[in-house]
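Here is protein_28.txt, consisting of compact mmCIF, C-alpha atoms and all ligand atoms:
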```
# COMPACT_ATOMS: atom_id res chain seq x y z
CA MET Y 4 28.65 67.51 17.79
CA ASP Y 5 26.54 70.45 16.71
CA ARG Y 6 22.89 69.44 16.91
CA LYS Y 7 22.21 71.41 13.69
CA THR Y 8 24.37 68.97 11.69
CA ARG Y 9 22.23 67.54 8.89
CA ILE Y 10 22.68 63.77 9.07
CA ALA Y 11 21.66 61.34 6.31
CA VAL Y 12 21.42 57.66 7.20
CA ILE Y 13 21.45 55.48 4.09
CA GLY Y 14 19.47 52.29 4.69
CA ALA Y 15 16.59 51.57 7.08
CA GLY Y 16 17.89 48.19 8.26
CA LEU Y 17 18.67 47.21 11.84
CA GLY Y 18 21.71 49.46 12.05
CA GLY Y 19 20.24 52.51 10.34
CA LEU Y 20 17.07 52.54 12.42
CA THR Y 21 19.01 52.07 15.66
CA VAL Y 22 21.49 54.88 15.07
CA ALA Y 23 18.78 57.25 13.81
CA GLY Y 24 16.58 56.47 16.83
CA PHE Y 25 19.35 57.35 19.29
CA LEU Y 26 20.50 60.46 17.40
CA GLN Y 27 16.97 61.83 17.22
CA ARG Y 28 16.56 61.29 20.96
CA SER Y 29 19.59 63.51 21.54
CA GLY Y 30 18.30 66.28 19.31
CA PHE Y 31 19.96 65.70 15.92
CA ALA Y 32 18.20 66.28 12.60
CA VAL Y 33 18.30 62.85 10.98
CA ASN Y 34 16.71 61.54 7.82
CA ILE Y 35 16.85 57.96 6.58
CA TYR Y 36 16.90 57.14 2.87
CA GLU Y 37 15.83 53.61 2.00
CA GLN Y 38 15.87 52.07 -1.46
CA ALA Y 39 12.91 49.73 -0.88
CA PRO Y 40 9.41 51.07 -1.63
CA GLU Y 41 8.22 49.74 1.77
CA PHE Y 42 9.08 47.15 4.41
CA SER Y 43 7.96 43.68 3.35
CA ARG Y 44 7.60 40.46 5.36
CA ILE Y 45 10.55 38.65 3.69
CA GLY Y 46 10.82 34.98 4.53
CA ALA Y 47 13.37 34.68 7.26
CA GLY Y 48 13.79 34.69 11.00
CA ILE Y 49 16.44 36.39 13.09
CA ILE Y 50 17.90 35.74 16.52
CA LEU Y 51 18.56 38.76 18.73
CA SER Y 52 20.82 38.11 21.70
CA ALA Y 53 20.80 40.07 24.96
CA ASN Y 54 23.55 42.45 23.84
CA ALA Y 55 21.12 43.66 21.15
CA THR Y 56 17.78 43.43 22.99
CA LYS Y 57 19.05 45.63 25.83
CA VAL Y 58 19.78 48.33 23.23
CA LEU Y 59 16.28 48.03 21.81
CA ARG Y 60 14.91 48.41 25.36
CA ARG Y 61 16.52 51.89 25.46
CA LEU Y 62 14.59 52.64 22.26
CA ALA Y 63 11.36 51.52 23.98
CA VAL Y 64 10.55 48.59 21.68
CA GLU Y 65 11.65 45.60 23.77
CA ARG Y 66 8.11 44.83 24.99
CA ASP Y 67 6.67 44.98 21.48
CA LEU Y 68 9.41 42.68 20.23
CA ILE Y 69 8.78 40.17 22.99
CA ALA Y 70 5.07 40.29 22.13
CA THR Y 71 5.72 39.59 18.44
CA GLY Y 72 8.60 37.10 18.77
CA ILE Y 73 9.53 34.35 21.23
CA LYS Y 74 11.88 34.16 24.17
CA PRO Y 75 13.13 30.57 23.59
CA ASN Y 76 13.52 28.37 26.65
CA SER Y 77 16.93 27.24 25.50
CA TYR Y 78 19.37 26.87 22.65
CA VAL Y 79 20.54 23.31 21.98
CA SER Y 80 23.46 22.08 19.86
CA ARG Y 81 22.92 18.51 18.62
CA ALA Y 82 25.10 16.10 16.65
CA TRP Y 83 23.85 15.52 13.12
CA ASP Y 84 23.98 11.70 13.29
CA THR Y 85 23.36 10.52 16.85
CA GLY Y 86 21.28 13.50 17.93
CA GLU Y 87 23.43 13.73 21.06
CA THR Y 88 23.29 17.09 22.87
CA MET Y 89 26.70 18.74 22.52
CA TYR Y 90 25.82 21.96 24.37
CA GLU Y 91 22.73 23.55 25.84
CA ILE Y 92 22.17 26.99 27.26
CA GLN Y 93 19.01 27.71 29.23
CA PHE Y 94 17.25 31.03 28.82
CA ASP Y 95 15.21 31.91 31.88
CA ALA Y 96 14.75 34.71 34.39
CA ALA Y 97 18.21 34.05 35.85
CA SER Y 98 19.99 34.17 32.48
CA GLU Y 99 18.04 37.29 31.54
CA GLN Y 100 19.18 38.93 34.76
CA ARG Y 101 22.76 37.85 34.16
CA PHE Y 102 22.90 38.91 30.48
CA GLY Y 103 20.87 42.07 31.07
CA GLY Y 104 18.25 41.27 28.44
CA PRO Y 105 16.28 38.45 26.82
CA TYR Y 106 17.31 36.19 23.95
CA LEU Y 107 14.70 36.57 21.24
CA ASN Y 108 13.75 34.83 17.99
CA VAL Y 109 11.54 36.83 15.66
CA HIS Y 110 10.34 37.04 12.07
CA ARG Y 111 12.39 39.69 10.25
CA GLY Y 112 9.30 41.39 8.85
CA ASP Y 113 7.77 41.63 12.33
CA LEU Y 114 11.07 42.96 13.69
CA HIS Y 115 11.08 45.73 11.08
CA ASN Y 116 7.47 46.66 11.78
CA VAL Y 117 8.41 47.22 15.40
CA LEU Y 118 11.79 48.86 14.72
CA GLU Y 119 10.20 51.43 12.44
CA ARG Y 120 8.68 52.92 15.61
CA VAL Y 121 12.08 53.93 17.05
CA VAL Y 122 12.26 56.93 14.71
CA ALA Y 123 9.89 59.89 14.46
CA PRO Y 124 7.11 59.57 11.87
CA GLY Y 125 8.27 60.84 8.47
CA THR Y 126 11.97 60.10 9.14
CA ILE Y 127 12.23 57.41 6.45
CA SER Y 128 12.11 58.33 2.77
CA PHE Y 129 11.30 55.08 0.98
CA ASP Y 130 12.04 54.49 -2.69
CA HIS Y 131 15.30 56.49 -2.34
CA ARG Y 132 18.18 54.41 -3.69
CA LEU Y 133 21.45 56.27 -3.26
CA ILE Y 134 23.35 56.35 -6.55
CA ASP Y 135 25.85 59.19 -6.15
CA VAL Y 136 27.67 61.28 -3.57
CA GLN Y 137 29.41 64.55 -4.50
CA LYS Y 138 31.30 66.98 -2.29
CA ALA Y 139 29.25 70.14 -1.70
CA GLY Y 140 30.96 72.76 0.49
CA SER Y 141 31.91 71.12 3.77
CA GLY Y 142 29.22 68.48 3.22
CA TYR Y 143 27.80 66.34 0.44
CA ARG Y 144 25.13 66.28 -2.24
CA LEU Y 145 23.32 62.95 -2.39
CA THR Y 146 21.62 61.82 -5.59
CA PHE Y 147 18.96 59.13 -5.57
CA GLY Y 148 17.67 56.81 -8.27
CA ASN Y 149 14.31 58.62 -8.27
CA GLY Y 150 16.03 61.88 -9.32
CA MET Y 151 15.90 63.52 -5.86
CA MET Y 152 18.97 65.39 -4.58
CA VAL Y 153 19.65 66.31 -0.95
CA ASP Y 154 22.46 68.32 0.67
CA VAL Y 155 23.74 67.03 4.00
CA ASP Y 156 26.64 67.56 6.40
CA LEU Y 157 27.30 63.95 7.40
CA ILE Y 158 26.53 60.53 5.90
CA ILE Y 159 26.05 57.29 7.81
CA GLY Y 160 26.27 54.31 5.46
CA ALA Y 161 23.96 51.67 6.95
CA ASP Y 162 23.20 50.26 3.52
CA GLY Y 163 24.15 46.63 4.00
CA ILE Y 164 26.63 44.25 2.41
CA ASN Y 165 26.47 45.88 -1.05
CA SER Y 166 26.87 49.36 0.45
CA LYS Y 167 27.00 52.25 -1.99
CA VAL Y 168 28.46 54.56 0.66
CA ARG Y 169 31.31 52.08 1.13
CA GLU Y 170 32.21 52.56 -2.54
CA PHE Y 171 32.75 56.29 -1.94
CA ILE Y 172 35.06 55.59 1.01
CA LEU Y 173 36.90 52.42 -0.05
CA GLY Y 174 36.21 52.01 -3.76
CA VAL Y 175 34.24 49.31 -5.55
CA GLU Y 176 34.90 45.81 -4.18
CA PRO Y 177 32.29 43.04 -4.47
CA PRO Y 178 31.53 40.96 -1.36
CA ARG Y 179 33.24 37.57 -1.00
CA PHE Y 180 31.27 34.38 -1.69
CA ALA Y 181 31.68 32.33 1.49
CA GLY Y 182 31.67 28.95 -0.27
CA ALA Y 183 28.25 28.06 1.08
CA VAL Y 184 24.56 28.37 0.29
CA ALA Y 185 21.56 28.25 2.58
CA TYR Y 186 18.21 26.51 2.19
CA ARG Y 187 15.53 28.48 4.00
CA ALA Y 188 11.87 27.83 4.75
CA ILE Y 189 9.11 29.19 6.95
CA PHE Y 190 6.03 27.14 7.72
CA PRO Y 191 3.18 26.80 10.25
CA SER Y 192 4.10 24.40 13.04
CA GLU Y 193 0.85 22.47 12.60
CA ARG Y 194 2.59 20.90 9.59
CA LEU Y 195 4.74 18.98 12.11
CA ARG Y 196 1.51 17.10 13.02
CA GLY Y 197 2.21 17.06 16.72
CA PHE Y 198 5.92 16.28 16.50
CA GLU Y 199 7.57 18.44 19.14
CA ILE Y 200 10.83 20.29 18.59
CA ALA Y 201 12.91 22.38 20.97
CA ASP Y 202 12.57 26.17 20.73
CA CYS Y 203 15.94 26.59 19.02
CA THR Y 204 18.27 23.78 17.88
CA LYS Y 205 21.47 23.89 15.88
CA TRP Y 206 22.24 20.61 14.15
CA TRP Y 207 26.00 20.25 13.57
CA GLY Y 208 27.31 18.10 10.71
CA PRO Y 209 30.89 17.63 9.53
CA ASP Y 210 30.67 20.26 6.77
CA ARG Y 211 27.10 21.57 7.08
CA HIS Y 212 24.67 22.69 9.72
CA ALA Y 213 21.03 23.55 10.17
CA LEU Y 214 19.00 25.66 12.56
CA PRO Y 215 15.23 25.33 13.06
CA TYR Y 216 13.49 27.59 15.56
CA TYR Y 217 10.09 28.98 16.51
CA MET Y 218 9.49 32.64 15.70
CA THR Y 219 6.42 33.32 17.85
CA SER Y 220 5.55 32.73 21.49
CA ARG Y 221 2.48 30.77 20.31
CA ARG Y 222 5.03 28.46 18.66
CA ASP Y 223 2.88 28.44 15.55
CA GLU Y 224 5.52 29.46 13.01
CA ILE Y 225 8.89 27.82 12.35
CA TYR Y 226 11.93 29.07 10.49
CA VAL Y 227 14.59 26.64 9.31
CA ILE Y 228 17.89 27.34 7.62
CA GLY Y 229 20.30 24.67 6.38
CA VAL Y 230 23.80 25.69 5.24
CA VAL Y 231 25.81 23.49 2.86
CA PRO Y 232 29.12 23.94 1.04
CA ALA Y 233 29.00 25.16 -2.57
CA ALA Y 234 31.79 25.92 -5.01
CA ARG Y 235 30.06 28.96 -6.50
CA TRP Y 236 26.82 30.88 -6.90
CA GLU Y 237 26.13 31.08 -10.60
CA SER Y 238 22.96 33.15 -10.68
CA ASP Y 239 22.89 36.94 -10.64
CA LYS Y 240 19.80 36.70 -8.39
CA PRO Y 241 20.13 36.97 -4.59
CA VAL Y 242 17.70 34.08 -4.03
CA LEU Y 243 16.41 31.14 -6.09
CA PRO Y 244 13.43 28.87 -5.63
CA SER Y 245 14.42 25.41 -4.39
CA SER Y 246 12.47 22.43 -3.06
CA ARG Y 247 11.92 20.28 0.00
CA LYS Y 248 13.42 17.38 -1.97
CA ALA Y 249 16.70 19.26 -2.61
CA PHE Y 250 16.82 20.38 1.04
CA ARG Y 251 16.30 16.80 2.24
CA GLU Y 252 18.89 15.37 -0.14
CA ALA Y 253 21.46 17.88 1.13
CA PHE Y 254 20.80 16.64 4.69
CA VAL Y 255 20.08 12.99 3.85
CA ASP Y 256 22.45 11.60 6.52
CA PHE Y 257 21.08 13.79 9.27
CA HIS Y 258 19.10 12.58 12.27
CA ALA Y 259 15.44 11.59 11.83
CA ASP Y 260 14.33 14.42 14.16
CA PHE Y 261 15.69 16.94 11.70
CA HIS Y 262 14.14 15.15 8.73
CA ARG Y 263 10.75 15.63 10.41
CA VAL Y 264 11.37 19.38 10.24
CA ILE Y 265 12.41 19.40 6.57
CA ASP Y 266 9.49 17.17 5.65
CA ALA Y 267 7.09 19.74 7.11
CA ALA Y 268 8.50 22.63 5.08
CA GLY Y 269 6.47 24.05 2.18
CA ASP Y 270 8.24 26.58 -0.02
CA VAL Y 271 12.02 26.31 0.13
CA THR Y 272 14.41 28.93 -1.20
CA LEU Y 273 18.17 28.89 -1.74
CA TRP Y 274 20.45 31.82 -0.83
CA PRO Y 275 24.16 32.45 -1.37
CA ILE Y 276 26.22 33.40 1.68
CA TYR Y 277 28.61 36.31 1.40
CA ASP Y 278 30.91 38.17 3.74
CA ARG Y 279 33.91 40.45 3.39
CA PRO Y 280 37.45 40.09 4.66
CA ARG Y 281 38.10 42.18 7.76
CA ASN Y 282 38.79 45.82 6.90
CA ASP Y 283 39.50 48.27 9.71
CA CYS Y 284 38.78 51.46 7.76
CA TRP Y 285 35.15 52.39 8.40
CA SER Y 286 35.15 56.11 7.63
CA GLY Y 287 36.43 58.81 5.31
CA GLY Y 288 35.82 62.57 5.49
CA ARG Y 289 32.35 63.04 6.96
CA MET Y 290 31.14 59.61 5.89
CA VAL Y 291 31.05 56.59 8.19
CA LEU Y 292 29.96 52.98 7.77
CA MET Y 293 28.14 50.65 10.13
CA GLY Y 294 26.75 47.12 10.23
CA ASP Y 295 27.03 44.97 7.13
CA ALA Y 296 28.24 47.99 5.14
CA CYS Y 297 31.64 47.66 6.85
CA HIS Y 298 31.76 44.22 8.52
CA PRO Y 299 29.32 41.65 7.09
CA VAL Y 300 29.77 38.32 8.87
CA ARG Y 301 28.83 34.78 7.91
CA PRO Y 302 25.54 34.08 9.67
CA TYR Y 303 26.88 31.11 11.70
CA MET Y 304 27.01 32.92 15.06
CA ALA Y 305 23.66 34.68 14.47
CA ALA Y 306 25.41 37.92 15.34
CA GLY Y 307 25.52 40.22 12.28
CA GLY Y 308 22.31 42.04 13.14
CA ALA Y 309 23.36 42.36 16.77
CA MET Y 310 26.64 43.91 15.62
CA ALA Y 311 24.74 46.48 13.52
CA ILE Y 312 22.57 47.35 16.54
CA GLU Y 313 25.64 47.65 18.80
CA ASP Y 314 27.31 49.88 16.18
CA GLY Y 315 24.24 52.12 16.24
CA ALA Y 316 24.46 52.58 20.01
CA ILE Y 317 28.22 53.25 20.03
CA LEU Y 318 28.29 55.51 16.95
CA SER Y 319 25.47 57.67 18.31
CA ARG Y 320 27.26 58.01 21.67
CA CYS Y 321 30.45 59.12 19.90
CA LEU Y 322 28.60 61.69 17.77
CA GLU Y 323 26.70 62.99 20.82
CA THR Y 324 29.78 63.54 22.96
CA ILE Y 325 32.62 64.46 20.55
CA ASP Y 326 32.54 67.76 18.64
CA ASP Y 327 34.62 66.89 15.58
CA PRO Y 328 32.99 64.21 13.37
CA ALA Y 329 36.33 62.75 12.19
CA GLU Y 330 37.43 62.40 15.82
CA ALA Y 331 34.05 60.88 16.73
CA PHE Y 332 34.49 58.32 13.92
CA ARG Y 333 37.95 57.38 15.26
CA TRP Y 334 36.54 56.73 18.75
CA TYR Y 335 33.76 54.66 17.19
CA GLU Y 336 36.19 52.58 15.12
CA VAL Y 337 38.60 51.98 17.97
CA THR Y 338 35.75 51.04 20.32
CA ARG Y 339 34.18 48.63 17.85
CA ILE Y 340 36.85 47.00 15.72
CA GLU Y 341 38.32 44.51 18.18
CA ARG Y 342 34.93 43.13 19.27
CA VAL Y 343 33.55 42.96 15.74
CA GLY Y 344 36.80 41.35 14.54
CA GLU Y 345 36.36 38.58 17.12
CA VAL Y 346 32.77 38.01 15.98
CA GLN Y 347 33.98 37.82 12.37
CA ARG Y 348 36.64 35.30 13.37
CA ILE Y 349 34.21 33.07 15.28
CA SER Y 350 31.65 33.31 12.47
CA ILE Y 351 34.18 32.10 9.90
CA GLU Y 352 35.30 29.31 12.25
CA ASN Y 353 31.63 28.41 12.93
CA SER Y 354 32.35 27.35 16.48
CA TRP Y 355 29.94 29.43 18.61
CA MET Y 356 28.14 27.19 21.15
CA ARG Y 357 29.18 24.01 19.36
CA GLY Y 358 30.44 22.77 22.70
CA PRO Y 359 30.93 24.43 26.10
CA THR Y 360 31.32 28.15 25.36
CA GLU Y 361 32.07 31.20 27.47
CA THR Y 362 29.21 33.49 26.42
CA ASP Y 363 29.33 36.34 28.97
CA TRP Y 364 31.72 38.56 26.99
CA PHE Y 365 29.20 38.55 24.16
CA TYR Y 366 25.79 38.53 25.84
CA CYS Y 367 26.57 40.70 28.92
CA TYR Y 368 28.06 43.53 26.85
CA ASP Y 369 26.02 46.73 27.00
CA PRO Y 370 26.90 49.12 24.15
CA CYS Y 371 24.88 51.89 25.79
CA LEU Y 372 27.13 51.81 28.88
CA ALA Y 373 30.42 50.18 27.81
CA PRO Y 374 33.39 52.54 27.98
CA LEU Y 375 34.32 54.27 24.73
CA THR Y 376 37.95 53.65 23.76
CA GLN Y 377 40.21 56.64 23.21
CA PRO Y 378 42.20 56.40 19.96
CA ALA Y 379 45.98 56.21 20.40
C1 LIG V 401 20.96 33.73 6.27
C2 LIG V 401 21.24 34.81 7.27
C3 LIG V 401 20.84 34.65 8.60
C4 LIG V 401 21.14 35.62 9.55
N1 LIG V 401 20.74 35.42 10.83
C5 LIG V 401 21.04 36.36 11.77
C6 LIG V 401 20.63 36.19 13.13
O1 LIG V 401 19.96 35.21 13.48
N2 LIG V 401 20.98 37.15 14.03
C7 LIG V 401 21.68 38.26 13.68
O2 LIG V 401 21.98 39.12 14.53
N3 LIG V 401 22.09 38.44 12.39
C8 LIG V 401 21.78 37.54 11.44
N4 LIG V 401 22.16 37.73 10.15
C9 LIG V 401 22.90 38.94 9.80
C10 LIG V 401 21.99 40.15 9.69
O3 LIG V 401 20.90 39.89 8.83
C11 LIG V 401 22.76 41.34 9.15
O4 LIG V 401 24.01 41.41 9.76
C12 LIG V 401 21.97 42.62 9.44
O5 LIG V 401 20.75 42.61 8.72
C13 LIG V 401 22.80 43.84 9.06
O6 LIG V 401 22.05 44.98 9.33
P1 LIG V 401 22.37 46.30 8.55
O7 LIG V 401 21.41 47.33 9.09
O8 LIG V 401 23.82 46.60 8.59
O9 LIG V 401 22.05 45.98 7.02
P2 LIG V 401 20.71 45.49 6.34
O10 LIG V 401 19.80 44.85 7.32
O11 LIG V 401 21.12 44.73 5.14
O12 LIG V 401 20.00 46.83 5.89
C14 LIG V 401 20.51 47.63 4.84
C15 LIG V 401 19.38 48.50 4.30
O13 LIG V 401 19.94 49.41 3.35
C16 LIG V 401 19.10 49.47 2.21
N5 LIG V 401 19.95 49.87 1.08
C17 LIG V 401 20.91 49.15 0.45
N6 LIG V 401 21.49 49.86 -0.54
C18 LIG V 401 20.88 51.09 -0.54
C19 LIG V 401 21.04 52.27 -1.32
N7 LIG V 401 21.95 52.34 -2.31
N8 LIG V 401 20.25 53.33 -1.05
C20 LIG V 401 19.32 53.28 -0.04
N9 LIG V 401 19.12 52.18 0.72
C21 LIG V 401 19.89 51.11 0.49
C22 LIG V 401 18.55 48.05 2.09
O14 LIG V 401 17.36 48.01 1.32
C23 LIG V 401 18.32 47.69 3.55
O15 LIG V 401 17.05 48.09 4.01
C24 LIG V 401 21.86 36.78 9.17
C25 LIG V 401 22.24 36.96 7.84
C26 LIG V 401 21.94 35.99 6.90
C27 LIG V 401 22.38 36.21 5.47
```
Mind turning this structure into structure tokens?
Amino acid sequence: MDRKTRIAVIGAGLGGLTVAGFLQRSGFAVNIYEQAPEFSRIGAGIILSANATKVLRRLAVERDLIATGIKPNSYVSRAWDTGETMYEIQFDAASEQRFGGPYLNVHRGDLHNVLERVVAPGTISFDHRLIDVQKAGSGYRLTFGNGMMVDVDLIIGADGINSKVREFILGVEPPRFAGAVAYRAIFPSERLRGFEIADCTKWWGPDRHALPYYMTSRRDEIYVIGVVPAARWESDKPVLPSSRKAFREAFVDFHADFHRVIDAAGDVTLWPIYDRPRNDCWSGGRMVLMGDACHPVRPYMAAGGAMAIEDGAILSRCLETIDDPAEAFRWYEVTRIERVGEVQRISIENSWMRGPTETDWFYCYDPCLAPLTQPA
């Protein structure tokens, strides 16, 4: 595509930063518009699997991420009651070689601090919440909540599960409540008072699960999330304060090893879980969606962020090599939809690594090298 094309990326999340980083490296003029006034260290961790970390290596931030996060020794699935190990995957030099990249746990705020470096200074306009898109010649006029207007040729909607860009392509449709809520906490590991936990454990119950893991290589900070069924989310807020007591009561029957983790938590918050039904239309005109804007997944496979990063690599390759944007979007959709659909299916089923699991198709995938699929 013509390198003079003015590209607006809406949203400076994992997907937006990745696609902008690659497009800038191949000579495109890209600006990112982000609604938040700045990046903040919000209280959550994130797991990045090898299919994502190998992309971030191409953007020259893998080392910084390893320095700020932790390469866990293993991932263990344990039964909620007996504590029995149901599945374990080792992460070591051999697995890194096989998968083509490390498995990494990191604090989301630290991840964003590092990811911000993949784009040229001045690329991100903070405090720019997209509120309107109008046709303007062959391109679009964007209007932001702060009153700014910008004319562009192409829009990439990387604006998350409540995407505004999606509304201009597919109409207004609220995300789907997944019938579950998540307790979340972050705390210093010294609060465990010497009790040792594995680097990354998923505790599997009959209708609920929990996942505590370290977020730093010093193993001094722990993130824990516990997901339980819920009929509805009644608040209009995206997060509510909760308590260690409520978290413990929700997991009262769980193994004593997991209770030790909950008992060490300080502040606990409660979050609703949303996704969207699969929808295979990701573009319209010169607008295209990526990441949670088009395919938000339930967080049970820890793969939504990785999918946004993969999208960024594939979408940038399509735009670099195909002249017509609409044709480039078709290649992108056809290349992505089957894989993302499988991740959505597994995430709804919540079966990933519960027991013996074939992981190569997921971890070994390299979106910077994988063949692009020609549309029929
Ligand atoms: C509890 C939980 C745990 C998870 N754990 C993992 C995990 O371990 N591993 C993993 O890979 N994934 C995980 N995910 C999924 C992952 O967080 C998302 O899939 C990922 O953040 C999607 O990236 P994105 O760039 O598409 O969107 P986002 O990260 O949501 O970024 C969207 C950006 O757009 C901005 N924005 C929104 N609207 C506008 C607007 N109108 N104008 C301008 N800017 C706007 C937002 O402020 C935000 O910065 C988890 C999700 C949840 C809910």
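Comparing Y:Tyr277, Y:Tyr217, Y:Phe171, Y:Tyr106 by their smallest distance to ligand LIG 401 (chain V), the closest is Y:Tyr277 (using only C-alpha atoms and all ligand atoms).
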Best match for closeness to Asp113 in chain Y among Y:Ile13, Y:Ala306, Y:Met218, Y:Ala213, counting all atoms listed in the file: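 The answer is Y:Met218, which sits nearest to Asp113 in chain Y.
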Taking all listed atoms of range 185-188 of chain Y, build the axis-aligned box, pad each of the six sides by 8 Å, then write its centre and edge lengths in Å to one decimal as JSON.
```
{"center_x": 16.7, "center_y": 27.5, "center_z": 3.5, "size_x": 25.7, "size_y": 18.0, "size_z": 18.6}
```
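Summary of the local environment: counting all atoms listed in the file, residues at most 12 Å from range 138-152 of chain Y, other than itself and those fewer than 4 positions away along its chain, are Y:Thr8, Y:Arg9, Y:Ile10, Y:Ala11, Y:Val12, Y:Ile13, Y:Tyr36, Y:Glu37, Y:Gln38, Y:Ala39, Y:Pro40, Y:Ser128, Y:Phe129, Y:Asp130, Y:His131, Y:Arg132, Y:Leu133, Y:Ile134, Y:Asp156, Y:Leu157, Y:Ile158, Y:Ile159, Y:Lys167, Y:Val168, Y:Phe171, Y:Gly288, Y:Arg289, Y:Met290, Y:Pro328.
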Under the rule of at most 7 Å, produce a per-residue listing of chain Y near ligand LIG 401 (chain V): chain, number, name, the closest pair of atoms, and the distance in Å, as JSON lines, using all atoms listed in the file.
```
{"residue": "Y:Ile13", "atom": "CA", "partner": "V:LIG401", "partner_atom": "C20", "distance": 5.1}
{"residue": "Y:Gly14", "atom": "CA", "partner": "V:LIG401", "partner_atom": "O13", "distance": 3.2}
{"residue": "Y:Ala15", "atom": "CA", "partner": "V:LIG401", "partner_atom": "O15", "distance": 4.7}
{"residue": "Y:Gly16", "atom": "CA", "partner": "V:LIG401", "partner_atom": "O12", "distance": 3.5}
{"residue": "Y:Leu17", "atom": "CA", "partner": "V:LIG401", "partner_atom": "O7", "distance": 3.9}
{"residue": "Y:Gly18", "atom": "CA", "partner": "V:LIG401", "partner_atom": "O7", "distance": 3.7}
{"residue": "Y:Gly19", "atom": "CA", "partner": "V:LIG401", "partner_atom": "O7", "distance": 5.5}
{"residue": "Y:Tyr36", "atom": "CA", "partner": "V:LIG401", "partner_atom": "C20", "distance": 5.4}
{"residue": "Y:Glu37", "atom": "CA", "partner": "V:LIG401", "partner_atom": "N9", "distance": 3.8}
{"residue": "Y:Gln38", "atom": "CA", "partner": "V:LIG401", "partner_atom": "N9", "distance": 3.9}
{"residue": "Y:Ala39", "atom": "CA", "partner": "V:LIG401", "partner_atom": "O14", "distance": 5.3}
{"residue": "Y:Gly48", "atom": "CA", "partner": "V:LIG401", "partner_atom": "O1", "distance": 6.7}
{"residue": "Y:Ile49", "atom": "CA", "partner": "V:LIG401", "partner_atom": "O1", "distance": 3.7}
{"residue": "Y:Ile50", "atom": "CA", "partner": "V:LIG401", "partner_atom": "O1", "distance": 3.7}
{"residue": "Y:Leu51", "atom": "CA", "partner": "V:LIG401", "partner_atom": "O2", "distance": 5.4}
{"residue": "Y:His131", "atom": "CA", "partner": "V:LIG401", "partner_atom": "C20", "distance": 5.6}
{"residue": "Y:Arg132", "atom": "CA", "partner": "V:LIG401", "partner_atom": "N8", "distance": 3.5}
{"residue": "Y:Leu133", "atom": "CA", "partner": "V:LIG401", "partner_atom": "N8", "distance": 3.9}
{"residue": "Y:Ile134", "atom": "CA", "partner": "V:LIG401", "partner_atom": "N7", "distance": 6.0}
{"residue": "Y:Ala161", "atom": "CA", "partner": "V:LIG401", "partner_atom": "O8", "distance": 5.3}
{"residue": "Y:Asp162", "atom": "CA", "partner": "V:LIG401", "partner_atom": "O13", "distance": 3.4}
{"residue": "Y:Gly163", "atom": "CA", "partner": "V:LIG401", "partner_atom": "O9", "distance": 3.7}
{"residue": "Y:Ile164", "atom": "CA", "partner": "V:LIG401", "partner_atom": "O11", "distance": 6.2}
{"residue": "Y:Asn165", "atom": "CA", "partner": "V:LIG401", "partner_atom": "N6", "distance": 6.4}
{"residue": "Y:Ser166", "atom": "CA", "partner": "V:LIG401", "partner_atom": "N6", "distance": 5.5}
{"residue": "Y:Lys167", "atom": "CA", "partner": "V:LIG401", "partner_atom": "N7", "distance": 5.1}
{"residue": "Y:Ala185", "atom": "CA", "partner": "V:LIG401", "partner_atom": "C1", "distance": 6.6}
{"residue": "Y:Ile276", "atom": "CA", "partner": "V:LIG401", "partner_atom": "C27", "distance": 6.1}
{"residue": "Y:Met293", "atom": "CA", "partner": "V:LIG401", "partner_atom": "O8", "distance": 6.1}
{"residue": "Y:Gly294", "atom": "CA", "partner": "V:LIG401", "partner_atom": "O8", "distance": 3.4}
{"residue": "Y:Asp295", "atom": "CA", "partner": "V:LIG401", "partner_atom": "O8", "distance": 3.9}
{"residue": "Y:Ala296", "atom": "CA", "partner": "V:LIG401", "partner_atom": "O8", "distance": 5.8}
{"residue": "Y:Pro299", "atom": "CA", "partner": "V:LIG401", "partner_atom": "O4", "distance": 5.9}
{"residue": "Y:Val300", "atom": "CA", "partner": "V:LIG401", "partner_atom": "O4", "distance": 6.6}
{"residue": "Y:Arg301", "atom": "CA", "partner": "V:LIG401", "partner_atom": "C25", "distance": 6.9}
{"residue": "Y:Pro302", "atom": "CA", "partner": "V:LIG401", "partner_atom": "C24", "distance": 4.6}
{"residue": "Y:Ala305", "atom": "CA", "partner": "V:LIG401", "partner_atom": "C6", "distance": 3.6}
{"residue": "Y:Ala306", "atom": "CA", "partner": "V:LIG401", "partner_atom": "O2", "distance": 3.7}
{"residue": "Y:Gly307", "atom": "CA", "partner": "V:LIG401", "partner_atom": "O4", "distance": 3.2}
{"residue": "Y:Gly308", "atom": "CA", "partner": "V:LIG401", "partner_atom": "O2", "distance": 3.3}
{"residue": "Y:Ala309", "atom": "CA", "partner": "V:LIG401", "partner_atom": "O2", "distance": 4.2}
{"residue": "Y:Met310", "atom": "CA", "partner": "V:LIG401", "partner_atom": "O2", "distance": 6.8}
{"residue": "Y:Ala311", "atom": "CA", "partner": "V:LIG401", "partner_atom": "O8", "distance": 5.0}
```
Who sits within 12 Å of Ala331 in chain Y, only C-alpha atoms, same chain under 5 positions skipped, as a list of chain:residue names: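 The residues satisfying every condition are Y:Met4, Y:Leu157, Y:Trp285, Y:Ser286, Y:Gly287, Y:Gly288, Y:Arg289, Y:Met290, Y:Val291, Y:Ile317, Y:Leu318, Y:Ser319, Y:Arg320, Y:Cys321, Y:Leu322, Y:Glu323, Y:Thr324, Y:Ile325, Y:Asp326, Y:Glu336, Y:Val337, Y:Thr338, Y:Leu375, Y:Thr376, Y:Gln377, Y:Pro378.
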